[in-house]
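*Asks:* File input-v7.cif below, mmCIF, C-alpha atoms:
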data_coords
loop_
_atom_site.label_atom_id
_atom_site.label_comp_id
_atom_site.auth_asym_id
_atom_site.auth_seq_id
_atom_site.Cartn_x
_atom_site.Cartn_y
_atom_site.Cartn_z
CA MET H 1 23.29 21.04 -22.56
CA LEU H 2 24.83 23.58 -20.20
CA ALA H 3 23.14 26.44 -22.05
CA GLY H 4 19.79 24.71 -21.55
CA LEU H 5 20.48 24.47 -17.83
CA VAL H 6 21.34 28.19 -17.61
CA VAL H 7 18.18 29.15 -19.52
CA SER H 8 16.17 26.90 -17.25
CA ARG H 9 17.60 28.53 -14.14
CA SER H 10 16.99 32.07 -15.39
CA ALA H 11 13.42 31.15 -16.32
CA THR H 12 12.88 29.85 -12.80
CA ALA H 13 14.20 33.09 -11.35
CA GLN H 14 11.51 35.03 -13.21
CA GLU H 15 8.65 32.85 -11.90
CA SER H 16 6.33 33.80 -9.09
CA PRO H 17 7.30 33.37 -5.40
CA ALA H 18 4.99 30.35 -5.21
CA SER H 19 6.90 28.71 -8.05
CA GLU H 20 10.20 29.52 -6.36
CA GLU H 21 8.91 27.89 -3.17
CA ALA H 22 7.88 24.78 -5.11
CA SER H 23 11.32 24.69 -6.77
CA ALA H 24 13.02 24.99 -3.38
CA GLU H 25 10.90 22.09 -2.08
CA SER H 26 11.96 19.96 -5.03
CA LEU H 27 15.59 20.48 -3.94
CA ARG H 28 14.93 18.78 -0.59
CA PHE H 29 17.12 15.71 -0.23
CA PRO H 30 15.96 12.42 1.29
CA GLY H 31 16.70 12.48 4.99
CA ASP H 32 16.41 16.26 5.27
CA PRO H 33 14.00 17.38 8.00
CA THR H 34 10.48 17.96 6.74
CA ASP H 35 8.65 21.27 7.09
CA HIS H 36 5.46 19.55 8.25
CA ASN H 37 5.11 16.99 11.05
CA VAL H 38 1.90 15.39 12.23
CA ILE H 39 0.89 12.58 14.56
CA TYR H 40 -2.48 10.86 14.35
CA GLN H 41 -4.24 9.09 17.18
CA LEU H 42 -5.79 5.75 16.14
CA ASN H 43 -7.73 4.29 19.05
CA LYS H 44 -11.07 3.03 17.74
CA SER H 45 -12.04 -0.15 15.95
CA SER H 46 -14.87 0.92 13.62
CA GLU H 47 -14.31 0.64 9.89
CA LYS H 48 -15.70 4.16 9.28
CA TYR H 49 -13.20 5.54 11.79
CA HIS H 50 -10.33 3.67 10.11
CA ASP H 51 -11.55 4.98 6.73
CA ALA H 52 -11.51 8.57 8.04
CA VAL H 53 -8.03 8.37 9.58
CA LEU H 54 -6.47 6.64 6.58
CA PHE H 55 -8.14 9.04 4.13
CA SER H 56 -6.82 12.02 6.08
CA VAL H 57 -3.31 10.57 6.16
CA GLY H 58 -3.46 9.99 2.40
CA GLU H 59 -4.64 13.53 1.76
CA MET H 60 -1.75 14.92 3.81
CA LEU H 61 0.67 12.88 1.68
CA ARG H 62 -0.95 14.14 -1.51
CA LYS H 63 -0.73 17.75 -0.35
CA TYR H 64 2.82 17.76 1.04
CA ASN H 65 4.44 14.87 -0.90
CA ASP H 66 7.75 14.03 0.74
CA ASN H 67 7.84 17.25 2.79
CA ILE H 68 5.83 15.79 5.67
CA THR H 69 6.54 13.31 8.43
CA ILE H 70 3.42 11.38 9.42
CA VAL H 71 3.16 9.11 12.44
CA VAL H 72 0.02 7.12 13.28
CA THR H 73 -0.02 5.85 16.86
CA ALA H 74 -2.38 2.94 17.43
CA PHE H 75 -3.57 1.85 20.85
CA GLY H 76 -6.63 0.35 22.45
CA PRO H 77 -9.06 -1.05 19.87
CA GLY H 78 -7.25 0.82 17.08
CA ILE H 79 -4.22 -1.44 17.31
CA HIS H 80 -6.01 -4.19 15.41
CA LEU H 81 -5.45 -2.23 12.21
CA LEU H 82 -1.74 -3.07 12.56
CA GLY H 83 -2.24 -6.75 13.34
CA LYS H 84 -1.37 -9.39 10.76
CA ILE H 85 -4.33 -11.37 12.10
CA PRO H 86 -6.48 -8.84 13.99
CA ASP H 87 -8.74 -9.96 16.81
CA ARG H 88 -11.39 -7.45 15.69
CA PRO H 89 -12.83 -6.94 12.22
CA VAL H 90 -10.59 -4.93 9.89
CA SER H 91 -11.56 -4.52 6.25
CA GLU H 92 -9.26 -5.81 3.54
CA LYS H 93 -9.37 -2.32 1.98
CA ASN H 94 -8.02 -0.73 5.16
CA MET H 95 -5.39 -3.43 5.60
CA GLN H 96 -4.16 -2.64 2.08
CA SER H 97 -4.30 1.12 2.76
CA VAL H 98 -2.08 0.75 5.83
CA LYS H 99 0.47 -1.25 3.83
CA SER H 100 0.40 1.27 1.00
CA LEU H 101 0.79 4.27 3.30
CA ALA H 102 3.71 2.58 5.05
CA SER H 103 5.38 2.09 1.66
CA TYR H 104 5.15 5.88 1.19
CA GLY H 105 6.95 6.51 4.47
CA VAL H 106 4.09 6.86 6.95
CA LYS H 107 5.26 5.56 10.32
CA PHE H 108 2.90 3.33 12.29
CA HIS H 109 3.47 2.99 16.04
CA ALA H 110 1.83 0.30 18.16
CA CYS H 111 1.28 0.67 21.91
CA GLY H 112 3.25 -1.94 23.83
CA ASN H 113 0.84 -1.78 26.76
CA THR H 114 -2.11 -2.60 24.50
CA MET H 115 -0.13 -5.40 22.88
CA GLU H 116 0.68 -6.86 26.29
CA SER H 117 -2.99 -6.81 27.29
CA LEU H 118 -3.82 -8.72 24.09
CA GLY H 119 -0.96 -11.18 24.50
CA TRP H 120 0.59 -9.91 21.26
CA SER H 121 4.27 -9.71 20.37
CA LYS H 122 6.07 -7.77 17.64
CA ASP H 123 5.56 -10.84 15.41
CA ASP H 124 1.78 -10.24 15.51
CA LEU H 125 2.21 -6.86 13.79
CA TYR H 126 3.09 -5.90 10.25
CA ASP H 127 6.85 -5.68 9.88
CA PHE H 128 6.73 -1.91 9.32
CA ALA H 129 5.00 -1.24 12.66
CA GLU H 130 7.20 0.08 15.44
CA VAL H 131 6.38 -0.79 19.05
CA VAL H 132 6.36 2.08 21.55
CA GLN H 133 5.95 1.44 25.25
CA VAL H 134 2.95 3.73 25.84
CA GLY H 135 0.83 4.99 22.93
CA ALA H 136 -0.47 8.05 24.78
CA ALA H 137 3.09 9.00 25.77
CA ASP H 138 4.09 8.68 22.09
CA LEU H 139 1.44 11.28 21.24
CA LEU H 140 2.67 13.60 23.98
CA GLU H 141 6.35 13.25 23.12
CA HIS H 142 5.75 13.97 19.43
CA GLN H 143 3.71 17.05 20.32
CA GLU H 144 6.58 18.23 22.52
CA LYS H 145 8.82 17.91 19.43
CA GLY H 146 6.46 20.19 17.47
CA PHE H 147 4.27 17.62 15.75
CA ALA H 148 0.68 18.68 15.12
CA TYR H 149 -1.78 16.30 16.83
CA ILE H 150 -4.83 15.01 14.99
CA SER H 151 -7.58 12.96 16.56
CA LEU H 152 -10.66 12.21 14.48
#
Would you mind writing the file's structure down as structure tokens?

*Replies:*
Amino acid sequence: MLAGLVVSRSATAQESPASEEASAESLRFPGDPTDHNVIYQLNKSSEKYHDAVLFSVGEMLRKYNDNITIVVTAFGPGIHLLGKIPDRPVSEKNMQSVKSLASYGVKFHACGNTMESLGWSKDDLYDFAEVVQVGAADLLEHQEKGFAYISL
């Protein structure tokens, strides 16, 4: 068993730099900081817009696996995507996508100001959604921490 491990390590050492990088990534432990950090703005209510944002988030997960931190900040009409019973139309497909992405570690933030204007409380949101006081400030603060900002 130990001999197999040694052979495996020496074989890895002879691989290309790209393979070494992939091996190093696989040694990342849960809770370690990620190399990639991105925040998405979600502020529109159209289904096509939701499709585009959620597809992009999914593609980032597929590309970077667990080496990316993704935050989606919803405010204005976009907040309905995080509502258990949205006041605007949200497709069942997109509701399921949000739940699935959250299960893979995507963080969803909901603007407290928007919630207040709708008369919503934390109970009106999916359990995984985190309330932030001001959605636009959330975008700014994450950018100040080095997060890339994406608005579709």

*Asks:* I'd like the contact shell of Gly83 of chain H - 10 Å cut-off, only C-alpha atoms, skipping same-chain residues fewer than 5 positions apart - returned as a list in words.

*Replies:*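 Near neighbours after the sequence-gap exclusion: Gly78, Arg88, Val90, Met95, Ala110, Met115, Trp120, Lys122, Asp123, Asp124, Leu125, Tyr126, Asp127 and Ala129 of chain H.
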
*Asks:* One decimal, in Å: what's the spacing between atom CA of Gln133 of chain H and atom CA of Glu116 of chain H?

*Replies:*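 Going from atom CA of Gln133 of chain H over to atom CA of Glu116 of chain H, I get 9.9 Å.
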
*Asks:* For Ser121 of chain H, which residue among H:Lys84, H:Gly146, H:Pro30, H:Leu54 is the nearest when counting all atoms listed in the file?

*Replies:*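 When distances to Ser121 of chain H are compared using all atoms listed in the file, the smallest one comes from H:Lys84.
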
*Asks:* Looking at H:Ile68, H:Leu42, H:Val131, H:Val98, which one is nearest to Phe147 of chain H, with distances taken over only C-alpha atoms?

*Replies:*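 Among H:Ile68, H:Leu42, H:Val131, H:Val98, it is H:Ile68 that comes nearest to Phe147 of chain H.
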
*Asks:* What residues come out when you apply the PyMOL selection byres ((chain H and resi 132) around 8) to this file, written as a list of chain:residue names?

*Replies:*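 Against this file, the PyMOL selection byres ((chain H and resi 132) around 8) returns the residues H:His109, H:Ala110, H:Cys111, H:Gly112, H:Glu130, H:Val131, H:Gln133, H:Val134, H:Gly135, H:Asp138.
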
*Asks:* Please complete segment 34-64 of chain H so it has N, CA and C atoms, and hand it over as an mmCIF file, in the frame of the given file.

*Replies:*
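Saved as part_3.cif:
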data_model
loop_
_atom_site.group_PDB
_atom_site.id
_atom_site.type_symbol
_atom_site.label_atom_id
_atom_site.label_comp_id
_atom_site.auth_asym_id
_atom_site.auth_seq_id
_atom_site.Cartn_x
_atom_site.Cartn_y
_atom_site.Cartn_z
ATOM 1 N N THR H 34 11.658 17.492 7.463
ATOM 2 C CA THR H 34 10.480 17.960 6.740
ATOM 3 C C THR H 34 9.947 19.240 7.378
ATOM 4 N N ASP H 35 9.246 20.029 6.579
ATOM 5 C CA ASP H 35 8.650 21.270 7.090
ATOM 6 C C ASP H 35 7.377 21.002 7.876
ATOM 7 N N HIS H 36 6.749 19.870 7.624
ATOM 8 C CA HIS H 36 5.460 19.550 8.250
ATOM 9 C C HIS H 36 5.586 18.228 8.995
ATOM 10 N N ASN H 37 5.049 18.193 10.217
ATOM 11 C CA ASN H 37 5.110 16.990 11.050
ATOM 12 C C ASN H 37 3.777 16.817 11.752
ATOM 13 N N VAL H 38 3.219 15.630 11.649
ATOM 14 C CA VAL H 38 1.900 15.390 12.230
ATOM 15 C C VAL H 38 1.845 13.992 12.837
ATOM 16 N N ILE H 39 1.126 13.884 13.937
ATOM 17 C CA ILE H 39 0.890 12.580 14.560
ATOM 18 C C ILE H 39 -0.612 12.382 14.691
ATOM 19 N N TYR H 40 -1.075 11.223 14.271
ATOM 20 C CA TYR H 40 -2.480 10.860 14.350
ATOM 21 C C TYR H 40 -2.704 9.870 15.493
ATOM 22 N N GLN H 41 -3.799 10.049 16.177
ATOM 23 C CA GLN H 41 -4.240 9.090 17.180
ATOM 24 C C GLN H 41 -5.175 8.094 16.493
ATOM 25 N N LEU H 42 -4.937 6.804 16.698
ATOM 26 C CA LEU H 42 -5.790 5.750 16.140
ATOM 27 C C LEU H 42 -6.179 4.831 17.286
ATOM 28 N N ASN H 43 -7.364 5.042 17.838
ATOM 29 C CA ASN H 43 -7.730 4.290 19.050
ATOM 30 C C ASN H 43 -9.144 3.721 19.030
ATOM 31 N N LYS H 44 -9.726 3.608 17.848
ATOM 32 C CA LYS H 44 -11.070 3.030 17.740
ATOM 33 C C LYS H 44 -11.051 1.908 16.724
ATOM 34 N N SER H 45 -12.051 1.037 16.813
ATOM 35 C CA SER H 45 -12.040 -0.150 15.950
ATOM 36 C C SER H 45 -13.022 -0.095 14.782
ATOM 37 N N SER H 46 -13.856 0.927 14.681
ATOM 38 C CA SER H 46 -14.870 0.920 13.620
ATOM 39 C C SER H 46 -14.245 1.153 12.247
ATOM 40 N N GLU H 47 -14.812 0.505 11.252
ATOM 41 C CA GLU H 47 -14.310 0.640 9.890
ATOM 42 C C GLU H 47 -14.424 2.082 9.395
ATOM 43 N N LYS H 48 -15.527 2.762 9.719
ATOM 44 C CA LYS H 48 -15.700 4.160 9.280
ATOM 45 C C LYS H 48 -14.614 5.051 9.891
ATOM 46 N N TYR H 49 -14.265 4.783 11.135
ATOM 47 C CA TYR H 49 -13.200 5.540 11.790
ATOM 48 C C TYR H 49 -11.870 5.276 11.090
ATOM 49 N N HIS H 50 -11.565 4.012 10.822
ATOM 50 C CA HIS H 50 -10.330 3.670 10.110
ATOM 51 C C HIS H 50 -10.309 4.363 8.746
ATOM 52 N N ASP H 51 -11.450 4.311 8.029
ATOM 53 C CA ASP H 51 -11.550 4.980 6.730
ATOM 54 C C ASP H 51 -11.179 6.454 6.853
ATOM 55 N N ALA H 52 -11.724 7.125 7.859
ATOM 56 C CA ALA H 52 -11.510 8.570 8.040
ATOM 57 C C ALA H 52 -10.047 8.883 8.333
ATOM 58 N N VAL H 53 -9.438 8.124 9.228
ATOM 59 C CA VAL H 53 -8.030 8.370 9.580
ATOM 60 C C VAL H 53 -7.139 8.116 8.371
ATOM 61 N N LEU H 54 -7.327 6.991 7.708
ATOM 62 C CA LEU H 54 -6.470 6.640 6.580
ATOM 63 C C LEU H 54 -6.661 7.597 5.406
ATOM 64 N N PHE H 55 -7.887 8.052 5.187
ATOM 65 C CA PHE H 55 -8.140 9.040 4.130
ATOM 66 C C PHE H 55 -7.404 10.337 4.437
ATOM 67 N N SER H 56 -7.495 10.784 5.685
ATOM 68 C CA SER H 56 -6.820 12.020 6.080
ATOM 69 C C SER H 56 -5.312 11.908 5.908
ATOM 70 N N VAL H 57 -4.748 10.792 6.324
ATOM 71 C CA VAL H 57 -3.310 10.570 6.160
ATOM 72 C C VAL H 57 -2.944 10.630 4.678
ATOM 73 N N GLY H 58 -3.718 9.978 3.839
ATOM 74 C CA GLY H 58 -3.460 9.990 2.400
ATOM 75 C C GLY H 58 -3.533 11.386 1.806
ATOM 76 N N GLU H 59 -4.501 12.169 2.261
ATOM 77 C CA GLU H 59 -4.640 13.530 1.760
ATOM 78 C C GLU H 59 -3.444 14.395 2.166
ATOM 79 N N MET H 60 -2.932 14.176 3.379
ATOM 80 C CA MET H 60 -1.750 14.920 3.810
ATOM 81 C C MET H 60 -0.550 14.562 2.923
ATOM 82 N N LEU H 61 -0.405 13.293 2.590
ATOM 83 C CA LEU H 61 0.670 12.880 1.680
ATOM 84 C C LEU H 61 0.517 13.516 0.310
ATOM 85 N N ARG H 62 -0.714 13.550 -0.195
ATOM 86 C CA ARG H 62 -0.950 14.140 -1.510
ATOM 87 C C ARG H 62 -0.633 15.638 -1.501
ATOM 88 N N LYS H 63 -0.963 16.305 -0.424
ATOM 89 C CA LYS H 63 -0.730 17.750 -0.350
ATOM 90 C C LYS H 63 0.758 18.083 -0.191
ATOM 91 N N TYR H 64 1.454 17.382 0.700
ATOM 92 C CA TYR H 64 2.820 17.760 1.040
ATOM 93 C C TYR H 64 3.899 16.845 0.455
#
